[in-house]
$ cat protein-v6.txt   # compact mmCIF, C-alpha atoms
# COMPACT_ATOMS: atom_id res chain seq x y z
CA MET A 1269 69.18 -81.27 172.78
CA THR A 1270 67.26 -80.21 169.66
CA ILE A 1271 64.25 -82.12 170.96
CA SER A 1272 64.57 -80.37 174.32
CA LYS A 1273 64.70 -76.96 172.65
CA THR A 1274 61.62 -77.86 170.64
CA ARG A 1275 59.76 -78.80 173.82
CA VAL A 1276 60.81 -75.58 175.48
CA LEU A 1277 59.55 -73.56 172.53
CA ARG A 1278 56.27 -75.47 172.60
CA LEU A 1279 55.97 -74.65 176.29
CA LEU A 1280 56.56 -71.01 175.44
CA VAL A 1281 53.76 -71.03 172.88
CA THR A 1282 51.43 -72.70 175.38
CA LEU A 1283 52.23 -70.13 178.06
CA ARG A 1284 51.54 -67.29 175.66
CA ARG A 1285 48.26 -68.84 174.59
CA TYR A 1286 46.96 -69.45 178.12
CA ARG A 1287 48.67 -66.69 180.06
CA GLY A 1288 45.38 -65.62 181.67
CA ALA A 1289 44.93 -69.10 183.10
CA LEU A 1290 48.15 -68.69 185.10
CA ALA A 1291 46.75 -65.76 187.05
CA LEU A 1292 43.48 -67.60 187.53
CA PHE A 1293 45.37 -70.62 188.85
CA GLY A 1294 47.28 -68.43 191.32
CA PHE A 1295 44.06 -66.87 192.59
CA LEU A 1296 42.24 -70.21 192.87
CA SER A 1297 45.19 -71.78 194.69
CA GLY A 1298 45.13 -68.88 197.13
CA VAL A 1299 41.40 -69.29 197.74
CA ALA A 1300 41.85 -73.05 198.16
CA SER A 1301 44.69 -72.57 200.63
CA PHE A 1302 42.70 -70.00 202.58
CA MET A 1303 39.70 -72.33 202.82
CA LEU A 1304 41.87 -75.28 203.86
CA VAL A 1305 43.61 -73.23 206.54
CA ASP A 1306 40.20 -71.98 207.68
CA ARG A 1307 39.01 -75.58 208.06
CA GLN A 1308 42.28 -76.74 209.63
CA GLU A 1309 42.86 -79.18 206.74
CA GLU A 1310 46.27 -77.74 206.05
CA SER A 1311 48.31 -80.50 204.47
CA PHE A 1312 47.36 -79.46 200.93
CA ALA A 1313 47.54 -75.78 201.84
CA ARG A 1314 51.14 -76.35 202.95
CA VAL A 1315 51.91 -78.01 199.63
CA ILE A 1316 50.60 -74.98 197.76
CA ALA A 1317 52.54 -72.61 200.01
CA LEU A 1318 55.68 -74.70 199.47
CA VAL A 1319 55.20 -74.53 195.69
CA MET A 1320 54.97 -70.73 195.98
CA LEU A 1321 58.27 -70.58 197.85
CA VAL A 1322 60.11 -73.17 195.74
CA SER A 1323 59.35 -71.23 192.57
CA TRP A 1324 61.29 -68.24 193.87
CA PRO A 1325 64.84 -69.67 193.80
CA TRP A 1326 64.58 -69.58 190.01
CA LEU A 1327 64.12 -65.82 190.11
CA LEU A 1328 66.73 -65.30 192.81
CA LEU A 1329 69.33 -67.42 191.00
CA GLU A 1330 68.18 -66.78 187.45
CA ASN A 1331 71.55 -65.64 186.04
CA VAL A 1332 73.48 -68.43 187.79
CA LEU A 1333 71.11 -71.11 186.48
CA ARG A 1334 71.20 -69.70 182.97
CA ARG A 1335 75.01 -69.82 182.89
CA TRP A 1336 75.01 -73.34 184.36
CA LEU A 1337 72.63 -74.62 181.68
CA ASP A 1338 74.71 -72.93 179.00
CA VAL A 1339 78.02 -74.39 180.24
CA ARG A 1340 76.74 -77.83 181.24
CA PHE A 1341 74.32 -78.56 178.40
CA HIS A 1342 75.15 -75.82 175.86
CA PHE A 1343 71.53 -74.79 176.07
CA ARG A 1344 70.50 -71.15 176.35
CA LEU A 1345 66.95 -70.55 177.47
CA PRO A 1346 64.98 -68.24 175.16
CA ALA A 1347 64.56 -64.75 176.60
CA PRO A 1348 60.76 -64.72 176.02
CA LEU A 1349 60.45 -67.91 178.07
CA LEU A 1350 62.34 -66.33 180.96
CA ARG A 1351 60.07 -63.29 180.85
CA TYR A 1352 56.91 -65.42 180.89
CA ALA A 1353 58.28 -67.62 183.70
CA THR A 1354 58.94 -64.52 185.78
CA GLN A 1355 55.50 -63.12 185.06
CA MET A 1356 53.90 -66.45 185.93
CA ILE A 1357 55.60 -66.56 189.33
CA HIS A 1358 54.61 -62.96 190.04
CA GLN A 1359 51.00 -63.68 189.10
CA GLU A 1360 50.69 -66.85 191.13
CA SER A 1361 52.42 -65.32 194.16
CA LEU A 1362 50.36 -62.12 194.30
CA PHE A 1363 47.03 -63.79 193.64
CA PHE A 1364 47.92 -66.50 196.17
CA VAL A 1365 48.27 -64.01 199.03
CA LEU A 1366 45.31 -61.78 198.14
CA PRO A 1367 42.57 -63.89 199.83
CA PHE A 1368 44.62 -64.04 203.04
CA LEU A 1369 45.25 -60.30 203.03
CA PHE A 1370 41.65 -59.46 202.19
CA PHE A 1371 40.24 -61.24 205.25
CA ALA A 1372 43.07 -60.19 207.58
CA THR A 1373 42.82 -56.47 206.75
CA THR A 1374 41.26 -54.03 209.19
CA TRP A 1375 39.66 -51.88 206.53
CA SER A 1376 39.18 -48.84 208.76
CA SER A 1377 42.96 -48.58 209.21
CA GLY A 1378 46.01 -47.93 207.05
CA GLN A 1379 46.14 -51.65 206.26
CA ALA A 1380 43.61 -50.96 203.52
CA VAL A 1381 46.34 -49.03 201.65
CA PHE A 1382 48.78 -51.96 201.75
CA THR A 1383 46.17 -54.52 200.66
CA GLY A 1384 45.07 -52.16 197.91
CA LEU A 1385 48.71 -51.86 196.78
CA ILE A 1386 49.03 -55.65 196.53
CA GLY A 1387 45.76 -55.79 194.60
CA CYS A 1388 47.10 -53.21 192.13
CA ALA A 1389 50.37 -55.14 191.82
CA ALA A 1390 48.43 -58.32 191.04
CA LEU A 1391 46.47 -56.43 188.39
CA VAL A 1392 49.69 -55.11 186.83
CA SER A 1393 51.04 -58.67 186.62
CA VAL A 1394 48.18 -59.73 184.31
CA LEU A 1395 48.10 -56.61 182.13
CA ASP A 1396 50.77 -57.35 179.52
CA PRO A 1397 51.01 -53.80 178.08
CA VAL A 1398 51.67 -52.42 181.56
CA TYR A 1399 53.87 -55.29 182.72
CA TYR A 1400 56.12 -55.49 179.64
CA LYS A 1401 56.12 -51.93 178.31
CA TRP A 1402 56.08 -49.93 181.54
CA LEU A 1403 57.30 -52.13 184.43
CA ALA A 1404 59.85 -54.56 182.95
CA PRO A 1405 61.99 -51.97 181.06
CA ARG A 1406 62.56 -50.01 184.28
CA ARG A 1407 64.97 -52.37 185.98
CA TRP A 1408 64.91 -50.69 189.40
CA LEU A 1409 61.11 -50.62 189.44
CA PHE A 1410 60.88 -54.20 188.23
CA LEU A 1411 63.21 -55.37 191.00
CA GLY A 1412 61.14 -53.45 193.54
CA PHE A 1413 58.01 -55.17 192.23
CA HIS A 1414 59.82 -58.49 192.50
CA THR A 1415 60.86 -57.76 196.10
CA LEU A 1416 57.34 -56.77 197.13
CA ALA A 1417 55.93 -60.03 195.75
CA LEU A 1418 58.45 -62.14 197.66
CA PHE A 1419 57.82 -60.12 200.83
CA VAL A 1420 54.09 -60.88 200.89
CA VAL A 1421 54.61 -64.55 199.95
CA LEU A 1422 56.94 -64.99 202.93
CA LEU A 1423 54.44 -63.28 205.23
CA THR A 1424 51.79 -65.81 204.26
CA ALA A 1425 53.75 -69.00 203.65
CA LEU A 1426 56.08 -69.15 206.67
CA PRO A 1427 53.34 -69.34 209.34
CA ILE A 1428 51.54 -72.05 207.33
CA LEU A 1429 54.63 -74.10 206.50
CA LEU A 1430 56.81 -73.71 209.58
CA ASN A 1431 54.45 -72.23 212.21
CA VAL A 1432 56.75 -69.22 212.50
CA PRO A 1433 55.12 -66.59 214.79
CA THR A 1434 53.92 -63.49 213.01
CA HIS A 1435 56.43 -61.07 214.52
CA GLN A 1436 59.34 -63.32 213.50
CA THR A 1437 57.84 -63.84 210.05
CA TYR A 1438 57.74 -60.10 209.53
CA LEU A 1439 61.41 -59.77 210.48
CA TYR A 1440 62.44 -62.59 208.12
CA ALA A 1441 60.37 -61.20 205.25
CA LEU A 1442 61.69 -57.68 205.83
CA PHE A 1443 65.29 -58.93 205.92
CA ALA A 1444 64.78 -60.77 202.61
CA ALA A 1445 63.16 -57.70 201.05
CA VAL A 1446 65.97 -55.38 202.18
CA LEU A 1447 68.59 -57.82 200.91
CA LEU A 1448 66.91 -58.08 197.51
CA SER A 1449 66.48 -54.31 197.29
CA PHE A 1450 70.23 -53.81 196.92
CA PRO A 1451 70.37 -54.50 193.14
CA SER A 1452 67.38 -52.19 192.62
CA LEU A 1453 69.00 -49.34 194.57
CA ALA A 1454 72.33 -49.96 192.82
CA ALA A 1455 70.56 -49.55 189.48
CA VAL A 1456 69.20 -46.18 190.60
CA ILE A 1457 72.52 -44.82 191.88
CA ARG A 1458 74.79 -45.14 188.87
CA ALA A 1459 77.29 -42.42 189.67
CA ARG A 1460 80.74 -43.98 190.20
CA THR A 1461 82.01 -41.99 193.16
CA ARG A 1462 83.75 -42.96 196.39
CA TRP A 1463 80.54 -42.12 198.24
CA ARG A 1464 78.41 -44.54 196.22
CA GLY A 1465 78.90 -47.47 198.61
CA LEU A 1466 78.05 -45.38 201.66
CA LEU A 1467 75.01 -43.96 199.90
CA LEU A 1468 73.80 -47.45 198.96
CA ALA A 1469 74.31 -48.70 202.50
CA GLY A 1470 72.42 -45.69 203.87
CA LEU A 1471 69.51 -46.28 201.51
CA VAL A 1472 69.35 -49.97 202.44
CA VAL A 1473 69.28 -49.09 206.14
CA ALA A 1474 66.64 -46.42 205.50
CA LEU A 1475 64.51 -48.92 203.58
CA GLY A 1476 64.76 -51.41 206.44
CA ALA A 1477 63.76 -48.70 208.94
CA PHE A 1478 60.84 -47.67 206.74
CA GLY A 1479 59.70 -51.30 206.48
CA TRP A 1480 59.84 -51.69 210.25
CA VAL A 1481 57.94 -48.48 210.94
CA GLY A 1482 55.43 -49.38 208.22
CA ARG A 1483 54.58 -52.72 209.85
CA PHE A 1484 51.48 -51.11 211.36
CA TRP A 1485 50.06 -50.86 207.84
CA VAL A 1486 50.73 -54.51 206.98
CA PRO A 1487 48.01 -57.04 207.89
CA PRO A 1488 49.12 -60.25 209.65
CA SER A 1489 47.90 -62.32 206.71
CA THR A 1490 47.41 -65.65 208.54
CA LEU A 1491 45.64 -64.18 211.60
CA ARG A 1492 41.99 -63.25 211.38
CA LEU A 1493 39.73 -61.75 214.04
CA THR A 1494 36.44 -63.68 213.91
CA ASP A 1495 34.81 -61.96 216.90
CA ILE A 1496 35.46 -59.16 219.38
CA GLN A 1497 33.12 -57.97 222.14
CA LEU A 1498 33.41 -55.75 225.17
CA ALA A 1499 31.43 -57.13 228.12
CA LEU A 1500 30.60 -56.49 231.76
CA GLU A 1501 30.39 -60.22 232.51
CA MET A 1502 31.73 -63.45 231.06
CA ASP A 1503 30.11 -66.88 230.93
CA ARG A 1504 33.17 -69.02 231.62
CA GLU A 1505 31.42 -72.31 230.84
CA ARG A 1506 30.39 -71.17 227.38
CA ARG A 1507 33.56 -69.11 227.02
CA ALA A 1508 31.49 -66.24 225.70
CA PRO A 1509 30.43 -62.79 226.93
CA SER A 1510 27.08 -62.72 228.72
CA VAL A 1511 26.56 -58.95 228.93
CA PRO A 1512 28.16 -57.28 225.89
CA VAL A 1513 28.05 -53.47 225.82
CA SER A 1514 28.82 -50.63 223.47
CA GLN A 1515 28.65 -48.02 226.22
CA VAL A 1516 29.10 -48.13 229.97
CA SER A 1517 28.96 -45.64 232.83
CA VAL A 1518 32.20 -44.34 234.30
CA GLU A 1519 30.97 -45.41 237.73
CA ARG A 1520 30.47 -49.05 236.74
CA LEU A 1521 33.67 -49.11 234.71
CA HIS A 1522 35.63 -48.18 237.84
CA ARG A 1523 33.69 -50.59 240.03
CA ASP A 1524 33.52 -53.76 237.89
CA GLY A 1525 36.01 -53.21 235.09
CA LEU A 1526 35.44 -54.52 231.57
CA PHE A 1527 36.17 -57.74 229.69
CA ALA A 1528 37.69 -57.73 226.20
CA TYR A 1529 36.69 -60.97 224.45
CA THR A 1530 38.31 -62.02 221.17
CA ALA A 1531 38.25 -65.04 218.88
CA ILE A 1532 41.23 -65.24 216.53
CA HIS A 1533 41.65 -67.73 213.71
CA ALA A 1534 45.21 -68.93 213.07
CA PRO A 1535 46.88 -71.86 211.26
CA LEU A 1536 47.11 -75.18 213.07
CA GLY A 1537 50.14 -75.38 215.35
CA LEU A 1538 50.84 -71.64 215.33
CA GLN A 1539 51.43 -70.12 218.76
CA GLU A 1540 51.15 -66.38 219.07
CA ARG A 1541 51.48 -63.77 221.76
CA ILE A 1542 49.06 -60.95 221.12
CA PHE A 1543 48.04 -57.84 223.04
CA HIS A 1544 44.79 -56.11 223.91
CA VAL A 1545 45.73 -52.45 223.70
CA TRP A 1546 43.28 -50.17 225.55
CA MET A 1547 43.14 -46.66 224.10
CA LEU A 1548 41.20 -43.60 225.26
CA ASP A 1549 40.62 -40.87 222.67
CA GLY A 1550 43.56 -42.15 220.64
CA GLU A 1551 46.02 -42.40 223.55
CA GLU A 1552 47.29 -45.77 224.80
CA VAL A 1553 46.27 -46.47 228.41
CA ASP A 1554 47.17 -50.14 228.88
CA ARG A 1555 48.58 -53.15 227.02
CA ILE A 1556 47.60 -56.64 228.22
CA PRO A 1557 49.36 -59.75 226.80
CA LEU A 1558 47.51 -62.89 225.79
CA GLU A 1559 48.73 -66.25 224.47
CA ILE A 1560 46.75 -67.90 221.67
CA GLN A 1561 47.08 -71.12 219.66
CA GLY A 1562 45.99 -71.89 216.12
CA GLY A 1563 43.84 -74.81 215.08
CA ARG A 1564 40.39 -73.85 216.37
CA GLU A 1565 37.64 -73.82 213.74
CA ARG A 1566 35.82 -70.90 215.41
CA GLY A 1567 39.07 -69.22 216.36
CA TYR A 1568 40.95 -69.25 219.63
CA ARG A 1569 38.56 -67.73 222.18
CA ALA A 1570 40.11 -65.84 225.09
CA TRP A 1571 39.65 -62.65 227.06
CA THR A 1572 41.32 -60.16 229.33
CA HIS A 1573 39.73 -58.31 232.24
CA LYS A 1574 40.80 -54.71 232.80
CA LEU A 1575 40.08 -53.35 236.29
CA ASN A 1576 42.34 -50.33 236.62
CA PHE A 1577 41.11 -47.30 234.71
CA PRO A 1578 42.30 -43.70 234.95
CA GLU A 1579 40.30 -41.38 237.16
CA ASP A 1580 39.12 -39.39 234.15
CA SER A 1581 37.77 -42.27 232.02
CA GLY A 1582 35.14 -40.39 230.07
CA GLY A 1583 35.41 -40.47 226.30
CA ARG A 1584 35.67 -42.84 223.37
CA TRP A 1585 37.55 -46.07 223.96
CA ARG A 1586 38.83 -48.70 221.61
CA VAL A 1587 40.56 -52.01 222.21
CA GLU A 1588 43.06 -52.86 219.47
CA VAL A 1589 44.19 -56.46 219.05
CA VAL A 1590 47.82 -56.44 217.86
CA THR A 1591 50.73 -58.85 217.40
CA GLU A 1592 54.08 -58.56 219.15
CA SER A 1593 55.41 -56.56 216.21
CA GLY A 1594 52.45 -54.18 216.39
CA GLN A 1595 50.46 -55.42 213.38
CA MET A 1596 46.77 -54.92 213.99
CA ILE A 1597 44.47 -57.95 213.90
CA GLY A 1598 41.29 -55.98 214.62
CA ARG A 1599 39.63 -53.56 217.02
CA GLY A 1600 36.53 -53.03 219.12
CA ARG A 1601 34.98 -49.80 220.43
CA PHE A 1602 32.91 -48.56 223.33
CA ARG A 1603 32.27 -45.24 225.01
CA THR A 1604 31.78 -44.14 228.57
CA VAL A 1605 28.88 -42.02 229.77
CA ALA A 1606 28.21 -40.12 232.96
CA GLU A 1607 25.09 -42.07 233.93
CA THR A 1608 24.24 -45.74 233.74
CA PRO A 1609 22.78 -46.30 230.25
CA ALA A 1610 19.61 -48.20 229.54
CA PRO A 1611 20.15 -51.89 228.68
CA ASP A 1612 21.13 -52.56 225.04

$ encode --input "protein-v6.txt" --output "C-alpha cells"
Amino acid sequence: MTISKTRVLRLLVTLRRYRGALALFGFLSGVASFMLVDRQEESFARVIALVMLVSWPWLLLENVLRRWLDVRFHFRLPAPLLRYATQMIHQESLFFVLPFLFFATTWSSGQAVFTGLIGCAALVSVLDPVYYKWLAPRRWLFLGFHTLALFVVLLTALPILLNVPTHQTYLYALFAAVLLSFPSLAAVIRARTRWRGLLLAGLVVALGAFGWVGRFWVPPSTLRLTDIQLALEMDRERRAPSVPVSQVSVERLHRDGLFAYTAIHAPLGLQERIFHVWMLDGEEVDRIPLEIQGGRERGYRAWTHKLNFPEDSGGRWRVEVVTESGQMIGRGRFRTVAETPAPD
C-alpha cells in the first residue's frame, strides 16, 4: 500500500506540473471527435464520447468511492488529488463540447449567450486562481458549475453514442441536471424549518421549468445546418434549388408557393424529426414537419413546399429550422414585394 500511495503522489505531482496539457487534451479530443463525426468515421469519436461519460461517475459517487477505498484498502486519497481530478474532468468535458457548440450555434440568436457561457466556464476551469479561490470554496456555485458541465456533455455524447434524438437527449440531460442541482440548492437554503423541504422541491421544479423554457437558447450540438435556401423551383434530380431567391412578389408567392431547402449534418444513424417554421414579421404562420437521417457527408438534403400563404403576405419572412423540442438549427430569410423583382 505504501508503494501505491507513492504512485498516487507521483501522479499528483505530474498533474500539477502539466495541468495545462489536460485542458489542451480536452479541446483536441473535442476537435477530433467533431471532425470524425463530420466525416462519418465515428467509431473513435464514440470512444472519446464514452470516455467523457465514464469519467463522470467518479464525481457523482466521489464520497461513496472514497469511503469504500478507505474501508476496503485503508487508503485515503489525498485531497489535492481529488481536486485536480475534478478539475481535469471539468476541463476535458467543457473543451470537448465547445467545437460542437461553436458550429451548431445560430449566432444571430440567443444561442450565442449559451455558447458564450460554456466558453467562459471552460476558461474558468483552466484559471487556477479563479477555479480554486473563487469557484471551489462556494459549494453551491461549484455544484452548479459541475451540473452545467455534465448537462452539456450529455447533450453532445448521447446522440453520438446511442443515436438518441435531440429532443429526448435534452429531456435526459435536463433531468440529470435538475437531479444534481438538489445538493447545490440544499447548500443555499440552510434554514432548518418545516418549510425547507417544500421550498427545496419548489426550487427544483422551478429550475426544471426554467431549463425547459430556456431550451430555445441551447444549440442542438450534434446537428449543424450546412445549407439553407428559399427557392421558386427545385431540381429534383440534383436535389438542389434551381431558382433561389431572397425576395419574391406577393402575386407569385400566392400562385407558385415557395420551397424551403435545407441540408443538415447529423451523426451516423441518428434519426430526427425537424420542422420548417414559417414566420412573417416575427409571427408564426406555419410549421411543416420533416424527417431526416444522419450519415450524409454533405448533410441530409430535403425540402418542404409551402403553397398556402395568408392573404396579406407582404413583409419580412424567415424560415426557422427547429427540432421537436424547439431548439433552433438555423434560419433563412426572404421578403415579399408588391411587384415582381428583377432576377437575382

$ residues_around --input "protein-v6.txt" --residues "Trp1485 of chain A" --least-positions-apart "4" --cutoff "10 Å" --atoms "all atoms listed in the file" --output "list in words"
Thr1373, Thr1374, Ser1377, Gly1378, Gln1379, Ala1380, Val1381, Phe1382, Thr1383, Gly1479, Val1481, Gly1594, Gln1595 and Met1596 of chain A

$ residues_around --input "protein-v6.txt" --residues "Ala1389 of chain A" --least-positions-apart "3" --cutoff "8 Å" --atoms "all atoms listed in the file" --output "ChimeraX atom specification"
/A:1362,1385-1386,1392-1393,1413

$ atom_distance --input "protein-v6.txt" --atom1 "atom CA of Phe1370 of chain A" --atom2 "atom CA of Ala1477 of chain A"
25.5 Å

$ residues_around --input "protein-v6.txt" --residues "Phe1368 of chain A" --least-positions-apart "3" --cutoff "6 Å" --atoms "all atoms listed in the file" --output "JSON list (two decimals) with C-alpha atoms, keeping the file's coordinate frame"
[["chain", "number", "residue", "atom", "x", "y", "z"],
["A", 1365, "VAL", "CA", 48.27, -64.01, 199.03],
["A", 1371, "PHE", "CA", 40.24, -61.24, 205.25],
["A", 1489, "SER", "CA", 47.90, -62.32, 206.71]]

$ residues_around --input "protein-v6.txt" --residues "Gly1525 of chain A" --least-positions-apart "2" --cutoff "12 Å" --atoms "only C-alpha atoms" --output "PyMOL selection string"
chain A and resi 1498-1502+1516-1523+1527-1528+1572-1578+1581+1604

$ closest_residue --input "protein-v6.txt" --among "A:Gly1384, A:Gly1600, A:Gly1412, A:Pro1397" --to "Val1486 of chain A" --atoms "all atoms listed in the file"
A:Gly1384

$ residues_near_point --input "protein-v6.txt" --point "(39.9, -70.0, 219.5)" --cutoff "7 Å" --atoms "all atoms listed in the file" --output "PyMOL selection string"
chain A and resi 1531-1533+1564+1566-1570

$ closest_residue --input "protein-v6.txt" --among "A:Ala1444, A:Leu1366, A:Leu1526, A:Ala1404" --to "Leu1296 of chain A" --atoms "only C-alpha atoms"
A:Leu1366

$ closest_residue --input "protein-v6.txt" --among "A:Thr1354, A:Ser1449, A:Thr1437, A:Thr1494" --to "Leu1422 of chain A" --atoms "only C-alpha atoms"
A:Thr1437

$ atom_distance --input "protein-v6.txt" --atom1 "atom CA of Thr1591 of chain A" --atom2 "atom CA of His1544 of chain A"
9.2 Å

$ residues_around --input "protein-v6.txt" --residues "segment 1431-1433 of chain A" --least-positions-apart "3" --cutoff "10 Å" --atoms "all atoms listed in the file" --output "PyMOL selection string"
chain A and resi 1423+1425-1428+1436-1438+1440+1490+1534-1541+1562+1591-1592

$ atom_distance --input "protein-v6.txt" --atom1 "atom CA of Ile1496 of chain A" --atom2 "atom CA of Tyr1529 of chain A"
5.5 Å

$ closest_residue --input "protein-v6.txt" --among "A:Val1553, A:Gln1497, A:Tyr1399, A:Ile1597" --to "Val1513 of chain A" --atoms "only C-alpha atoms"
A:Gln1497

$ residues_near_point --input "protein-v6.txt" --point "(55.2, -60.7, 188.9)" --cutoff "12 Å" --atoms "all atoms listed in the file" --output "ChimeraX atom specification"
/A:1290-1291,1294,1323-1324,1327,1351-1364,1386,1388-1396,1398-1400,1403-1404,1409-1418,1421

$ closest_residue --input "protein-v6.txt" --among "A:Gly1563, A:Pro1488, A:Pro1509, A:Gly1550" --to "Val1590 of chain A" --atoms "only C-alpha atoms"
A:Pro1488
